[in-house]
>>> print(open('protein31.csv').read())   # CSV, C-alpha atoms and all ligand atoms
chain,number,residue,atom,x,y,z
Y,1222,MET,CA,91.2,78.0,117.7
Y,1223,LYS,CA,92.4,81.5,118.3
Y,1224,ARG,CA,94.8,80.4,121.0
Y,1225,HIS,CA,96.2,77.8,118.8
Y,1226,CYS,CA,96.8,80.4,116.1
Y,1227,LEU,CA,98.5,82.7,118.5
Y,1228,ARG,CA,100.9,80.0,119.8
Y,1229,PHE,CA,101.7,79.1,116.2
Y,1230,MET,CA,102.2,82.7,115.1
Y,1231,PRO,CA,105.8,83.4,116.0
Y,1232,THR,CA,107.2,80.4,114.1
Y,1233,ALA,CA,104.7,80.9,111.3
Y,1234,LEU,CA,105.4,84.6,110.8
Y,1235,PRO,CA,107.9,84.1,107.8
Y,1236,LEU,CA,105.3,81.9,106.1
Y,1237,VAL,CA,102.5,84.5,106.7
Y,1238,MET,CA,104.7,87.2,105.3
Y,1239,ALA,CA,105.5,85.1,102.2
Y,1240,ILE,CA,101.7,84.5,101.7
Y,1241,THR,CA,101.2,88.2,102.2
Y,1242,ALA,CA,103.7,89.0,99.5
Y,1243,ILE,CA,101.9,86.7,97.1
Y,1244,MET,CA,98.6,88.4,97.9
Y,1245,ILE,CA,100.1,91.8,97.3
Y,1246,VAL,CA,101.4,91.0,93.8
Y,1247,ARG,CA,98.4,89.0,92.7
Y,1248,PRO,CA,95.4,91.1,91.5
Y,1249,SER,CA,92.1,90.3,93.2
Y,1250,PRO,CA,89.7,89.4,90.4
Y,1251,GLY,CA,86.6,89.8,92.7
Y,1252,LEU,CA,87.5,93.4,93.3
Y,1253,ALA,CA,88.5,94.4,89.8
Y,1254,ALA,CA,85.4,96.7,89.4
Y,1255,ASP,CA,86.1,98.6,92.7
Y,1256,PRO,CA,86.7,102.3,92.4
Y,1257,PRO,CA,90.4,103.3,92.7
Y,1258,ARG,CA,91.5,103.7,96.3
Y,1259,ARG,CA,92.7,107.1,97.1
Y,1260,GLY,CA,95.9,107.8,99.0
Y,1261,PRO,CA,99.5,107.0,98.4
Y,1262,SER,CA,98.7,103.3,97.7
Y,1263,SER,CA,96.7,103.4,94.5
Y,1264,ALA,CA,97.2,99.7,93.8
Y,1265,LYS,CA,94.4,97.5,95.2
Y,1266,VAL,CA,95.9,95.2,97.8
Y,1267,PRO,CA,94.0,93.2,100.4
Y,1268,GLU,CA,93.6,95.3,103.5
Y,1269,PHE,CA,94.8,92.5,105.7
Y,1270,ALA,CA,98.1,92.4,103.8
Y,1271,GLU,CA,98.5,96.2,104.1
Y,1272,MET,CA,97.9,96.0,107.9
Y,1273,LEU,CA,100.2,93.0,108.4
Y,1274,TRP,CA,103.0,94.7,106.5
Y,1275,ALA,CA,102.5,98.0,108.4
Y,1276,ILE,CA,102.7,96.2,111.8
Y,1277,VAL,CA,105.8,94.3,110.8
Y,1278,LYS,CA,107.5,97.4,109.3
Y,1279,ASP,CA,106.5,100.1,111.8
Y,1280,GLY,CA,104.8,98.5,114.8
Y,1281,ALA,CA,103.3,101.2,117.0
Y,1282,ASP,CA,105.0,103.9,115.0
Y,1283,MET,CA,102.5,103.5,112.1
Y,1284,GLY,CA,100.7,106.7,111.4
Y,1285,PRO,CA,97.7,108.1,109.5
Y,1286,ASN,CA,97.3,106.3,106.1
Y,1287,SER,CA,99.4,103.3,107.3
Y,1288,GLY,CA,98.1,99.8,107.0
Y,1289,TRP,CA,94.3,99.7,106.4
Y,1290,PHE,CA,93.8,103.3,107.6
Y,1291,HIS,CA,93.0,105.1,104.4
Y,1292,PRO,CA,90.9,108.3,103.8
Y,1293,SER,CA,87.3,107.5,103.4
Y,1294,GLU,CA,85.8,107.0,100.0
Y,1295,SER,CA,82.9,108.9,98.5
Y,1296,ARG,CA,81.1,108.9,95.2
Y,1297,TYR,CA,80.3,112.6,95.7
Y,1298,GLU,CA,83.8,114.0,95.4
Y,1299,TRP,CA,85.1,117.1,93.7
Y,1300,SER,CA,85.0,115.5,90.3
Y,1301,TRP,CA,81.3,114.8,90.8
Y,1302,LEU,CA,80.5,118.3,92.0
Y,1303,VAL,CA,82.5,120.2,89.4
Y,1304,THR,CA,81.1,118.3,86.5
Y,1305,ARG,CA,77.5,119.1,87.4
Y,1306,PHE,CA,77.7,122.6,88.8
Y,1307,ASP,CA,80.7,124.5,87.3
Y,1308,ARG,CA,78.7,126.0,84.5
Y,1309,ASN,CA,81.3,128.5,83.3
Y,1310,ARG,CA,84.1,125.9,83.5
Y,1311,ASP,CA,86.5,128.0,85.5
Y,1312,GLY,CA,87.4,125.3,87.9
Y,1313,VAL,CA,85.5,126.6,90.9
Y,1314,VAL,CA,81.8,126.4,92.0
Y,1315,THR,CA,80.2,129.6,93.1
Y,1316,ALA,CA,77.0,130.0,95.2
Y,1317,ASP,CA,75.1,131.1,92.1
Y,1318,GLU,CA,76.2,128.0,90.3
Y,1319,LEU,CA,75.4,125.7,93.2
Y,1320,LYS,CA,71.9,127.1,93.5
Y,1321,GLY,CA,71.5,125.6,97.0
Y,1322,SER,CA,70.9,127.2,100.3
Y,1323,ALA,CA,73.5,129.6,101.8
Y,1324,ARG,CA,73.9,127.1,104.7
Y,1325,LEU,CA,74.7,124.3,102.2
Y,1326,PHE,CA,77.2,126.5,100.4
Y,1327,ARG,CA,78.9,127.5,103.6
Y,1328,ALA,CA,79.2,123.8,104.6
Y,1329,LEU,CA,80.9,123.0,101.3
Y,1330,ASP,CA,83.1,126.1,101.3
Y,1331,ARG,CA,85.2,124.6,104.0
Y,1332,ASP,CA,88.0,127.3,104.0
Y,1333,GLY,CA,85.4,130.1,103.7
Y,1334,ASP,CA,87.1,131.8,100.7
Y,1335,GLY,CA,83.7,132.3,98.9
Y,1336,THR,CA,84.1,129.5,96.3
Y,1337,VAL,CA,84.0,125.7,96.4
Y,1338,THR,CA,87.1,124.2,95.0
Y,1339,ALA,CA,88.8,120.8,95.0
Y,1340,GLU,CA,90.7,121.8,98.2
Y,1341,ASP,CA,87.4,122.2,100.0
Y,1342,LEU,CA,86.5,118.6,99.4
Y,1343,ASP,CA,89.9,117.1,99.9
Y,1344,TRP,CA,90.0,115.0,103.1
Y,1345,SER,CA,93.3,113.3,102.4
Y,1346,PRO,CA,96.4,114.0,104.4
Y,1347,ARG,CA,97.6,116.1,101.5
Y,1348,SER,CA,95.0,118.8,102.2
Y,1349,ARG,CA,96.6,122.1,103.2
Y,1350,TYR,CA,93.4,123.0,105.1
Y,1351,LEU,CA,93.6,119.8,107.2
Y,1352,GLN,CA,97.3,120.2,107.7
Y,1353,GLY,CA,96.7,123.6,109.1
Y,1354,ARG,CA,93.9,122.4,111.3
Y,1355,ALA,CA,96.1,119.6,112.7
Y,1356,LEU,CA,98.8,122.2,113.4
Y,1357,ALA,CA,96.3,124.4,115.2
Y,1358,ARG,CA,95.0,121.4,117.2
Y,1359,GLY,CA,98.5,120.6,118.3
Y,1360,ARG,CA,99.3,124.2,119.4
Y,1361,PHE,CA,95.9,124.5,121.2
Y,1362,ALA,CA,96.5,121.2,123.1
Y,1363,GLN,CA,99.9,122.6,124.3
Y,1364,MET,CA,98.3,125.9,125.5
Y,1365,ASP,CA,95.2,124.3,127.0
Y,1366,ARG,CA,97.2,123.1,130.0
Y,1367,ASN,CA,94.3,121.7,132.0
Y,1368,GLY,CA,92.8,120.1,128.9
Y,1369,ASN,CA,89.3,121.5,129.4
Y,1370,GLY,CA,89.0,122.5,125.7
Y,1371,ARG,CA,89.4,126.3,126.4
Y,1372,VAL,CA,92.5,128.5,126.4
Y,1373,THR,CA,92.1,131.0,129.2
Y,1374,LEU,CA,93.9,134.3,129.4
Y,1375,ALA,CA,96.3,132.8,132.0
Y,1376,GLU,CA,97.1,129.9,129.7
Y,1377,TRP,CA,97.6,132.2,126.8
Y,1378,GLN,CA,100.0,134.3,129.0
Y,1379,LYS,CA,101.9,131.2,130.0
Y,1380,ALA,CA,102.4,130.3,126.3
Y,1381,PHE,CA,103.5,133.9,125.7
Y,1382,GLU,CA,106.0,133.8,128.5
Y,1383,GLN,CA,107.5,130.5,127.3
Y,1384,ALA,CA,107.8,131.7,123.7
Y,1385,ALA,CA,109.3,135.1,124.9
Y,1386,ASN,CA,111.8,133.3,127.1
Y,1387,GLY,CA,112.3,136.1,129.6
Y,1388,LYS,CA,111.6,139.0,127.2
Y,1389,LYS,CA,108.6,141.3,127.4
Y,1390,PHE,CA,107.9,140.9,123.7
Y,1391,LEU,CA,107.8,138.3,120.9
Y,1392,THR,CA,110.0,138.5,117.8
Y,1393,GLN,CA,109.0,137.1,114.5
Y,1394,GLU,CA,111.3,134.1,115.2
Y,1395,ASP,CA,109.5,133.5,118.6
Y,1396,VAL,CA,106.1,133.4,116.9
Y,1397,ALA,CA,107.4,131.1,114.2
Y,1398,ALA,CA,108.9,128.8,116.9
Y,1399,LEU,CA,105.6,128.9,118.8
Y,1400,LEU,CA,103.5,128.0,115.7
Y,1401,TYR,CA,106.0,125.7,114.0
Y,1402,PRO,CA,108.1,124.0,116.7
Y,1403,PRO,CA,110.9,121.8,115.4
Y,1404,PRO,CA,109.8,118.2,114.8
Y,1405,ALA,CA,110.5,115.7,117.5
Y,1406,ALA,CA,113.6,113.7,116.9
Y,1407,PRO,CA,112.9,110.3,115.3
Y,1408,ARG,CA,113.0,107.4,117.6
Y,1409,PRO,CA,116.1,105.2,117.4
Y,1410,ALA,CA,115.8,102.3,115.0
Y,1411,ALA,CA,116.4,99.9,117.9
Y,1412,SER,CA,113.3,101.1,119.7
Y,1413,ARG,CA,110.9,101.2,116.7
Y,1414,GLY,CA,108.0,98.8,117.2
Y,1415,LYS,CA,108.6,98.7,120.9
Y,1416,PRO,CA,106.2,100.5,123.2
Y,1417,SER,CA,106.6,104.3,122.8
Y,1418,GLY,CA,104.8,104.9,126.1
Y,1419,PRO,CA,102.0,103.5,128.2
Y,1420,GLU,CA,99.7,103.3,125.1
Y,1421,GLY,CA,102.3,102.1,122.6
Y,1422,PRO,CA,101.7,98.4,122.1
Y,1423,SER,CA,104.4,96.1,120.9
Y,1424,ARG,CA,104.5,94.5,117.4
Y,1425,TRP,CA,103.4,91.1,118.9
Y,1426,THR,CA,100.5,92.8,120.7
Y,1427,LEU,CA,99.4,94.4,117.4
Y,1428,LEU,CA,99.8,91.1,115.5
Y,1429,LYS,CA,97.8,89.3,118.2
Y,1430,GLY,CA,95.1,92.0,117.8
Y,1431,LEU,CA,95.2,91.6,114.1
Y,1432,PHE,CA,94.7,87.9,114.1
Y,1433,THR,CA,92.0,87.9,116.9
Y,1434,GLY,CA,90.1,90.8,115.3
Y,1435,GLU,CA,90.7,93.1,118.2
Y,1436,ILE,CA,92.1,95.9,116.0
Y,1437,GLY,CA,89.7,95.3,113.1
Y,1438,SER,CA,88.2,92.5,111.1
Y,1439,ILE,CA,90.6,90.7,108.8
Y,1440,THR,CA,87.6,90.1,106.5
Y,1441,GLU,CA,87.6,93.0,104.1
Y,1442,GLY,CA,84.3,94.9,103.9
Y,1443,PRO,CA,82.4,95.8,100.7
Y,1444,GLY,CA,83.9,98.5,98.5
Y,1445,LEU,CA,82.2,101.7,97.5
Y,1446,GLY,CA,79.1,101.0,95.6
Y,1447,ARG,CA,78.9,97.4,96.7
Y,1448,GLU,CA,75.9,96.0,98.5
Y,1449,ALA,CA,76.2,95.7,102.2
Y,1450,PRO,CA,76.3,92.0,103.4
Y,1451,PRO,CA,73.3,90.8,105.4
Y,1452,PHE,CA,73.8,90.7,109.2
Y,1453,THR,CA,71.8,90.5,112.4
Y,1454,LEU,CA,72.9,92.2,115.6
Y,1455,GLU,CA,71.6,92.6,119.1
Y,1456,SER,CA,70.4,96.0,120.3
Y,1457,PRO,CA,72.6,97.6,123.0
Y,1458,ASP,CA,70.1,96.7,125.7
Y,1459,LYS,CA,69.9,93.1,124.3
Y,1460,SER,CA,66.1,93.4,124.1
Y,1461,ARG,CA,65.8,92.7,120.4
Y,1462,ARG,CA,67.7,91.7,117.3
Y,1463,VAL,CA,68.0,93.8,114.2
Y,1464,SER,CA,68.6,92.5,110.8
Y,1465,LEU,CA,69.6,94.6,107.8
Y,1466,ALA,CA,67.3,92.4,105.7
Y,1467,ASP,CA,64.3,93.8,107.6
Y,1468,PHE,CA,65.0,97.3,106.1
Y,1469,ARG,CA,66.3,96.4,102.7
Y,1470,GLY,CA,64.1,97.9,99.9
Y,1471,LYS,CA,61.8,99.7,102.4
Y,1472,LYS,CA,63.7,102.7,103.6
Y,1473,PRO,CA,67.2,104.3,103.5
Y,1474,VAL,CA,69.5,102.8,106.1
Y,1475,VAL,CA,72.6,104.5,107.5
Y,1476,LEU,CA,75.2,102.1,108.9
Y,1477,VAL,CA,77.8,103.8,111.2
Y,1478,PHE,CA,80.8,101.8,112.4
Y,1479,GLY,CA,83.5,103.1,114.6
Y,1480,SER,CA,85.5,102.8,117.7
Y,1481,PHE,CA,83.8,104.6,120.5
Y,1482,THR,CA,85.5,105.0,123.8
K,1501,CA,CA,82.5,128.2,88.1
K,1502,CA,CA,86.6,127.4,99.3
>>> encode(input="protein31.csv", output="C-alpha cells", more="lines below")
Ligand SMILES: [Ca+2]
Ligand SMILES: [Ca+2]
Amino acid sequence: MKRHCLRFMPTALPLVMAITAIMIVRPSPGLAADPPRRGPSSAKVPEFAEMLWAIVKDGADMGPNSGWFHPSESRYEWSWLVTRFDRNRDGVVTADELKGSARLFRALDRDGDGTVTAEDLDWSPRSRYLQGRALARGRFAQMDRNGNGRVTLAEWQKAFEQAANGKKFLTQEDVAALLYPPPAAPRPAASRGKPSGPEGPSRWTLLKGLFTGEIGSITEGPGLGREAPPFTLESPDKSRRVSLADFRGKKPVVLVFGSFT
C-alpha cells in the first residue's frame, strides 16, 4: 500500500496540494475547543497540511517553527503564573511572592535577574534569552575545534588569532565580528529544496518520509488538555507489552516522545 502511494505521488501532487488548500481554509470542528496554538501561525490548521506545505515551499531549507515544528504548549505559562502569584500586580513575580524554595525560584528565573517575568517563561523563537543562547552555542561550536564540548586555552587563542587577523590585539569591531559574524549568504533559488549537503534530503525524500511516517505521524495527536488515546507498546527488550489503560486512573503517567539518536 505504501509503495503504491509513493509511485502515485508525483502525478498526484497537484491534487494533494489542492486538498491541502481546502483543509487549510476549512475550520476543523473537532478541534474548535483546542487552546490557541502559539507561534507565528495562530490559525489552527492540520499539522499534516502545515508540513506538506513547508516541504513543498522550502524543502530541506525549512527551519525552526516550519511545518509542524512548533514551540511546545503548556497550561502553566506566564499568564497562569502571574495571575496567581503577582500579588502587588507589578508584572513580575519575586521570590517572596512565589513562596517556594530558592531552588525552584532559580529554576524559574531563567535569566537570573532576580525576578520571574514573561521572558523567563518564553520558549518561543522570539525569546531574547533563547536567541542569545543560540548565538553562544554557535560561537562555542566554532571555537571548540575538536568538538569535545570544552574550549581549551589553545582553542581560545586560535579564535583570538583569527579575530585579530595578524594584530596583537582586538578592536571593538573585531569582537563584534567574532560575536556577530555576517549571516551566510542565502542559497540560490535554483538550489532551494535540493540537498544542502550530505544531510540535506531532497523534497521528494521528505515527501516520501511524510507519507510513510518516517518523519512523523500524519495522524495529529491530541491537543493540550485532551485525553491521551489508548495504546499498547512492546518494551525495548520485547519481554512485555505495556498498555496505557493499565495505568489510567491509578497513578500519574508521563509519556515522553522524541527522536533519539
Ligand atoms: Ca510582583
Ligand atoms: Ca528573570
>>> residues_around(input="protein31.csv", residues="Y:Val1475", least_positions_apart="5", cutoff="12 Å", atoms="all atoms listed in the file", output="PyMOL selection string")
chain Y and resi 1449+1465+1468-1469
>>> closest_residue(input="protein31.csv", among="Y:Thr1336, Y:Asn1386, Y:Thr1433, Y:Thr1392", to="ligand CA 1502 (chain K)", atoms="all atoms listed in the file")
Y:Thr1336
>>> closest_residue(input="protein31.csv", among="Y:Arg1447, Y:Arg1461, Y:Lys1472, Y:Arg1349", to="ligand CA 1502 (chain K)", atoms="only C-alpha atoms and all ligand atoms")
Y:Arg1349
>>> closest_residue(input="protein31.csv", among="Y:Phe1326, Y:Phe1432, Y:Phe1306, Y:Tyr1350", to="ligand CA 1501 (chain K)", atoms="only C-alpha atoms and all ligand atoms")
Y:Phe1306
>>> residues_around(input="protein31.csv", residues="Y:Gly1442", least_positions_apart="4", cutoff="12 Å", atoms="only C-alpha atoms", output="ChimeraX atom specification")
/Y:1252,1255,1267-1269,1289,1437-1438,1446-1451,1478
>>> atom_distance(input="protein31.csv", atom1="atom CA of Y:Ile1436", atom2="atom CA of Y:Gly1368")
27.4 Å
>>> residues_near_ligand(input="protein31.csv", ligand="ligand CA 1502 (chain K)", cutoff="12 Å", atoms="all atoms listed in the file", output="list of chain:residue names")
Y:Trp1299, Y:Gly1312, Y:Val1313, Y:Val1314, Y:Thr1315, Y:Ala1316, Y:Phe1326, Y:Arg1327, Y:Ala1328, Y:Leu1329, Y:Asp1330, Y:Arg1331, Y:Asp1332, Y:Gly1333, Y:Asp1334, Y:Gly1335, Y:Thr1336, Y:Val1337, Y:Thr1338, Y:Ala1339, Y:Glu1340, Y:Asp1341, Y:Leu1342, Y:Asp1343, Y:Arg1349, Y:Tyr1350
>>> atom_distance(input="protein31.csv", atom1="atom CA of Y:Ala1270", atom2="atom CA of Y:Thr1453")
27.7 Å
>>> closest_residue(input="protein31.csv", among="Y:Glu1298, Y:Asp1307, Y:Glu1441, Y:Glu1435", to="ligand CA 1501 (chain K)", atoms="all atoms listed in the file")
Y:Asp1307
>>> closest_residue(input="protein31.csv", among="Y:Asp1279, Y:Arg1296, Y:Ala1362, Y:Leu1302", to="ligand CA 1501 (chain K)", atoms="all atoms listed in the file")
Y:Leu1302
>>> residues_around(input="protein31.csv", residues="Y:Ala1275", least_positions_apart="2", cutoff="12 Å", atoms="only C-alpha atoms", output="list of chain:residue names")
Y:Met1238, Y:Thr1241, Y:Glu1268, Y:Phe1269, Y:Ala1270, Y:Glu1271, Y:Met1272, Y:Leu1273, Y:Val1277, Y:Lys1278, Y:Asp1279, Y:Gly1280, Y:Ala1281, Y:Asp1282, Y:Met1283, Y:Gly1284, Y:Pro1285, Y:Asn1286, Y:Ser1287, Y:Gly1288, Y:Trp1289, Y:Phe1290, Y:Gly1414, Y:Arg1424, Y:Leu1427, Y:Leu1428, Y:Leu1431
>>> atom_distance(input="protein31.csv", atom1="atom CA of Y:Leu1319", atom2="atom CA of Y:Leu1476")
28.3 Å
>>> closest_residue(input="protein31.csv", among="Y:Leu1445, Y:Ala1385, Y:Asp1317, Y:Leu1400", to="Y:Tyr1297", atoms="all atoms listed in the file")
Y:Leu1445
>>> residues_around(input="protein31.csv", residues="Y:Met1364", least_positions_apart="5", cutoff="9 Å", atoms="all atoms listed in the file", output="compact mmCIF listing (two decimals) with C-alpha atoms, keeping the file's coordinate frame")
# COMPACT_ATOMS: atom_id res chain seq x y z
CA GLY Y 1359 98.50 120.60 118.30
CA ARG Y 1371 89.40 126.30 126.40
CA VAL Y 1372 92.50 128.50 126.40
CA THR Y 1373 92.10 131.00 129.20
CA GLU Y 1376 97.10 129.90 129.70
CA TRP Y 1377 97.60 132.20 126.80
CA LYS Y 1379 101.90 131.20 130.00
CA ALA Y 1380 102.40 130.30 126.30
